[in-house]
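Working notes, beginning with the structure itself.
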Amino acid sequence: SRMNSSSSDLGGAKQIAADDSELAKLGYKRKMGRSLGSFSTFAIGFAFISILTGIFQLFAFAYNNGGPAMWWVWVIAVFGQLLFALSFGELAVKFPLAGSVYNWTKQIAKPLTSWVAGISLTLALTVSTAAVALAWQFVLPSIWSGFQFVGDGTGKYDVPQNAVILGGIMILCTTLVSLAGTKVISLVNNIGVTIELVAVVLMIAFFAVNAERGIDVVMETNGTGSNHSSGYLGAMLISILLGLYVMWGFDTAGSVGEETINPRKTNPRAVVRALLASGILGGLLILTALMAVKDLNAKDLGSLGLTYVVTSVLGDSFGKLLLICVAIAIFVCALANQTGAVRMIYAMSRDNALPFSSSFSKVSNRGQAPVVPILLVAVIAMAVLISNINQPQIFLAVTSTTVILALIAYVLVVGPLTLTRLRGKWTPNEKGYFSLGKFGLAVNLVAFIWGVVMIINIAWPRQGIYNPFEPYHWYLQWGGVLFPVVALTIAAIFYATRQRNHVGVRAEHRPGS
């Protein structure tokens, strides 16, 4: 037994040495702990997507706008986002580096493109940390009224203020876990994802057993098409925010390449599997929930969404037990968001691509974690929460903006990748590694088109998303256009005037240093 264990440890050490050698060829010395296996890497991507978090947050929104037939926009979103995941899988083989889209784009595009892609996704990940933190408000007060610290939940600002308090508590906890390092993050994340997988399967099974109607429920629109000049197409274009908000961030499974054992094999599969598992399970969860809810016209279905379905169909006690699982899933989702944001900041800083790069690129000896980026993400996420404490419309605006920023980053990857193939400069991955083969160009091109169309769709200044409540202001309604454009323009100007001449791998991160 001891000999087998020793042999296994030796084999692991050899693999890590080989992985570090591959990293050195790409110009970097490993600073963070390399300990993640295949399940841990998959779990990080799955935890980020977190179907329970996103569906519990936006089910009511999608249902109000599209009725039961909104299930179809989930299916469409799965196929669209899968195009990105497949493209990223190929890149993760060639470039198993921290910082996912930033480092992938750096290898195939101009420096400004990769810098903007990195900034865009970093903003998305950081703001999304705050958006996910708000999700506890959708669940915890339904488990126990004591979690409603502000009023009784009926006052004008009771819910948004309480959401900020719960979100602040969550960010504090995820920050403490992040500071403990990769192994602790992995342990917490694996436990959380296992609980989420069990909870999702149980919900699907019990909803199916308690079905009130057949699968043809997804053909019912509840007349929502009449609210749009383009008919039900208009309803679908709004409702698809559900699928897009949930199904991004799978690149995080590739962003931990420097913390993964045998990343060229492990990370590409993790990226694709995380999205596929989330897409299939999420689709079944929405479908069975629609089949099981007793009254499709129930008022609470349009306000509490999936929380109402769980408690009304499965009963108070069992329903609350599952909601506890949802609360845990939300926590690990926020942790994964923070993990992704921190890896992006770290990756850009060791290239001296950000202000204060010296501090941002330092890794602690004890936890082998980049401490300053962890604290920075926590502070910014807290600021996003606090600055909107009396804004009931914050949630939809924040979620929409994060989706737009993420899609911009993704488009800035697949666009140059498409051009690289068209110019004949793409070298196919070696046999035995993930590869799209002859379908690569088509997948990359359609992914680019999909991303551009969805950016325009989600950024469209709809009052129902960006300014649904008083006070009504034009700049709120145009928030989905203004914030990304202004933020990324300022970022690009800063890069062109101040940062571009300083970019280069910092001495302490070079191999042999």
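Within each chain, counting starts at residue 1; across the structure tokens, chains are named A, B, ... in the order shown, with ligands numbered 1 upward in that order.
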If you take only C-alpha atoms and a cut-off of 12 Å, which residues of region 97-144 of chain A touch region 266-281 of chain A, and what are their nearest atom pairs and distances in Å to one decimal, in chain and number order, as CSV?
residue,atom,partner,partner_atom,distance
A:Leu97,CA,A:Asn267,CA,10.1
A:Ala98,CA,A:Asn267,CA,11.3
A:Ser100,CA,A:Asn267,CA,10.7
Test item: residues at most 8 Å from region 254-263 of chain A, only C-alpha atoms, excluding those fewer than 2 positions along its chain, as a short mmCIF file (atom, residue, chain, number, x, y, z; two decimals) with N, CA and C atoms, in the first residue's frame:
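The resulting selection18.cif:
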data_model
loop_
_atom_site.label_atom_id
_atom_site.label_comp_id
_atom_site.auth_asym_id
_atom_site.auth_seq_id
_atom_site.Cartn_x
_atom_site.Cartn_y
_atom_site.Cartn_z
N GLY A 12 2.62 11.84 -9.67
CA GLY A 12 2.02 13.17 -9.60
C GLY A 12 3.08 14.25 -9.66
N GLN A 15 4.27 14.62 -13.21
CA GLN A 15 3.29 15.33 -14.03
C GLN A 15 3.33 16.83 -13.75
N ILE A 16 3.43 17.18 -12.47
CA ILE A 16 3.50 18.59 -12.10
C ILE A 16 4.75 19.23 -12.67
N ASP A 19 4.13 19.78 -16.28
CA ASP A 19 3.20 20.91 -16.45
C ASP A 19 3.93 22.23 -16.25
N LEU A 23 4.56 25.39 -18.80
CA LEU A 23 4.27 26.77 -18.41
C LEU A 23 5.48 27.66 -18.68
N ARG A 30 5.59 29.15 -12.31
CA ARG A 30 4.38 28.92 -11.50
C ARG A 30 4.59 29.46 -10.09
N MET A 32 1.40 29.79 -7.99
CA MET A 32 0.27 29.27 -7.23
C MET A 32 0.35 27.75 -7.11
N GLY A 33 -0.33 27.18 -6.11
CA GLY A 33 -0.29 25.74 -5.89
C GLY A 33 -0.97 24.97 -7.00
N ARG A 34 -0.33 23.90 -7.47
CA ARG A 34 -0.91 23.06 -8.53
C ARG A 34 -1.45 21.78 -7.89
N SER A 35 -2.75 21.73 -7.66
CA SER A 35 -3.32 20.58 -6.95
C SER A 35 -4.68 20.14 -7.47
N LEU A 36 -5.26 20.87 -8.43
CA LEU A 36 -6.62 20.57 -8.88
C LEU A 36 -6.65 19.38 -9.83
N GLY A 37 -7.61 18.48 -9.60
CA GLY A 37 -7.83 17.34 -10.48
C GLY A 37 -9.00 17.60 -11.41
N THR A 41 -11.66 20.84 -11.21
CA THR A 41 -11.66 21.81 -12.30
C THR A 41 -13.05 21.95 -12.91
N ALA A 92 -7.60 26.27 -24.55
CA ALA A 92 -7.11 25.79 -23.25
C ALA A 92 -6.05 24.70 -23.41
N VAL A 93 -6.08 23.99 -24.53
CA VAL A 93 -5.05 22.98 -24.81
C VAL A 93 -3.71 23.67 -25.08
N PRO A 96 -2.59 26.76 -21.41
CA PRO A 96 -3.17 26.47 -20.09
C PRO A 96 -2.69 27.48 -19.04
N LEU A 97 -3.19 28.71 -19.16
CA LEU A 97 -2.70 29.82 -18.35
C LEU A 97 -3.80 30.44 -17.49
N ALA A 98 -3.40 31.05 -16.40
CA ALA A 98 -4.35 31.82 -15.59
C ALA A 98 -4.85 32.99 -16.42
N GLY A 99 -6.08 33.41 -16.17
CA GLY A 99 -6.58 34.58 -16.88
C GLY A 99 -7.35 34.28 -18.15
N SER A 100 -7.62 33.04 -18.43
CA SER A 100 -8.43 32.60 -19.58
C SER A 100 -8.40 33.56 -20.76
N THR A 182 -5.80 27.80 -2.76
CA THR A 182 -6.43 26.93 -3.75
C THR A 182 -7.04 25.67 -3.15
N PHE A 250 -17.95 29.71 -17.82
CA PHE A 250 -17.38 28.37 -17.93
C PHE A 250 -15.88 28.44 -18.26
N ASP A 251 -15.43 29.58 -18.79
CA ASP A 251 -14.00 29.76 -19.05
C ASP A 251 -13.18 29.72 -17.76
N THR A 252 -13.84 29.93 -16.61
CA THR A 252 -13.14 29.88 -15.32
C THR A 252 -12.49 28.51 -15.11
N LYS A 265 -4.96 18.41 -20.78
CA LYS A 265 -5.98 17.37 -20.94
C LYS A 265 -7.23 17.71 -20.12
N THR A 266 -7.01 18.21 -18.91
CA THR A 266 -8.09 18.37 -17.94
C THR A 266 -8.98 19.58 -18.21
N ASN A 267 -8.36 20.75 -18.42
CA ASN A 267 -9.14 21.99 -18.50
C ASN A 267 -10.08 22.09 -19.71
N PRO A 268 -9.66 21.69 -20.92
CA PRO A 268 -10.60 21.78 -22.04
C PRO A 268 -11.87 20.97 -21.81
N ALA A 270 -13.09 20.15 -18.94
CA ALA A 270 -13.83 20.76 -17.83
C ALA A 270 -14.70 21.92 -18.32
N VAL A 271 -14.15 22.72 -19.23
CA VAL A 271 -14.89 23.86 -19.78
C VAL A 271 -16.17 23.38 -20.47
N GLY A 340 -12.52 33.64 -10.34
CA GLY A 340 -12.27 34.03 -11.72
C GLY A 340 -11.74 35.44 -11.84
N ARG A 343 -8.07 35.63 -10.62
CA ARG A 343 -7.12 35.04 -11.59
C ARG A 343 -6.90 35.98 -12.77
N MET A 344 -7.94 36.68 -13.19
CA MET A 344 -7.78 37.64 -14.28
C MET A 344 -6.86 38.78 -13.87
#
Exercise. Can you list, as JSON, numbers by chain, every protein, DNA or RNA residue that comes within 6 Å of region 407-411 of chain A when you count only C-alpha atoms, leaving out same-chain residues fewer than 6 positions away?
Worked result: {"A": [117, 120, 121, 448, 451]}
For this session: Please provide the set of residues having any atom within 7 Å of region 49-62 of chain A, restricted to only C-alpha atoms, with same-chain residues fewer than 6 positions apart removed, written as a VMD selection string.
Result: chain A and resid 70 135 138 239 242 245 to 250 278 282 301 to 307 326 329 to 330 333
For this session: Using only C-alpha atoms, determine which residues lie at most 9 Å from Asn189 (chain A), disregarding the query and same-chain residues fewer than 6 positions distant; provide the list as a list in words.
Result: Ser40, Ala43, Ile44, Ala47, Val332, Cys333, Leu335 and Ala336 of chain A
Problem set entry | d(CA of Phe483 (chain A), CA of Pro111 (chain A)) in Å |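 Rounded to one decimal, the two atoms are 22.7 Å apart.
Take the candidates A:Phe39, A:Phe79, A:Tyr232, A:Phe356 and check each one against His502 (chain A) using only C-alpha atoms; the shortest distance goes to A:Phe356.
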Problem set entry | Residues near His228 (chain A), cut-off 12 Å, only C-alpha atoms, skip fewer than 5 positions along chain, as a list in words | Asn65, Gly66, Gly223, Leu233, Gly234, Ala235, Met236, Leu237, Ile238 and Arg462 of chain A
Output file for the residues above (N, CA and C atoms, as a PDB file, in the first residue's frame):
ATOM      1  N   ASN A  65     -42.112  37.396 -18.746  1.00  0.00           N
ATOM      2  CA  ASN A  65     -41.917  37.921 -20.097  1.00  0.00           C
ATOM      3  C   ASN A  65     -42.192  36.915 -21.204  1.00  0.00           C
ATOM      4  N   GLY A  66     -42.108  35.607 -20.898  1.00  0.00           N
ATOM      5  CA  GLY A  66     -42.268  34.620 -21.966  1.00  0.00           C
ATOM      6  C   GLY A  66     -43.221  33.487 -21.678  1.00  0.00           C
ATOM      7  N   GLY A 223     -49.890  34.361 -23.606  1.00  0.00           N
ATOM      8  CA  GLY A 223     -50.248  35.600 -24.310  1.00  0.00           C
ATOM      9  C   GLY A 223     -49.181  36.671 -24.257  1.00  0.00           C
ATOM     10  N   LEU A 233     -41.553  36.535 -30.740  1.00  0.00           N
ATOM     11  CA  LEU A 233     -40.107  36.701 -30.924  1.00  0.00           C
ATOM     12  C   LEU A 233     -39.584  37.764 -29.964  1.00  0.00           C
ATOM     13  N   GLY A 234     -40.344  38.847 -29.800  1.00  0.00           N
ATOM     14  CA  GLY A 234     -39.941  39.906 -28.876  1.00  0.00           C
ATOM     15  C   GLY A 234     -39.880  39.407 -27.446  1.00  0.00           C
ATOM     16  N   ALA A 235     -40.835  38.550 -27.075  1.00  0.00           N
ATOM     17  CA  ALA A 235     -40.842  37.974 -25.727  1.00  0.00           C
ATOM     18  C   ALA A 235     -39.625  37.082 -25.520  1.00  0.00           C
ATOM     19  N   MET A 236     -39.255  36.321 -26.535  1.00  0.00           N
ATOM     20  CA  MET A 236     -38.102  35.426 -26.446  1.00  0.00           C
ATOM     21  C   MET A 236     -36.801  36.213 -26.316  1.00  0.00           C
ATOM     22  N   LEU A 237     -36.697  37.318 -27.048  1.00  0.00           N
ATOM     23  CA  LEU A 237     -35.472  38.115 -27.019  1.00  0.00           C
ATOM     24  C   LEU A 237     -35.201  38.696 -25.636  1.00  0.00           C
ATOM     25  N   ILE A 238     -36.270  38.984 -24.896  1.00  0.00           N
ATOM     26  CA  ILE A 238     -36.094  39.465 -23.519  1.00  0.00           C
ATOM     27  C   ILE A 238     -35.832  38.289 -22.582  1.00  0.00           C
ATOM     28  N   ARG A 462     -34.184  48.603 -23.162  1.00  0.00           N
ATOM     29  CA  ARG A 462     -35.560  48.293 -22.773  1.00  0.00           C
ATOM     30  C   ARG A 462     -35.821  48.788 -21.355  1.00  0.00           C
TER      31      ARG A 462
END
Exercise. What lies within 10 Å of region 376-392 of chain A using only C-alpha atoms, ignoring chain neighbours under 6 positions off, as number ranges by chain?
Worked result: A: 122-123, 125-131, 133-134, 156-165, 167-169, 171-172, 174-175, 337-339, 341-342, 345, 360, 398, 467-471
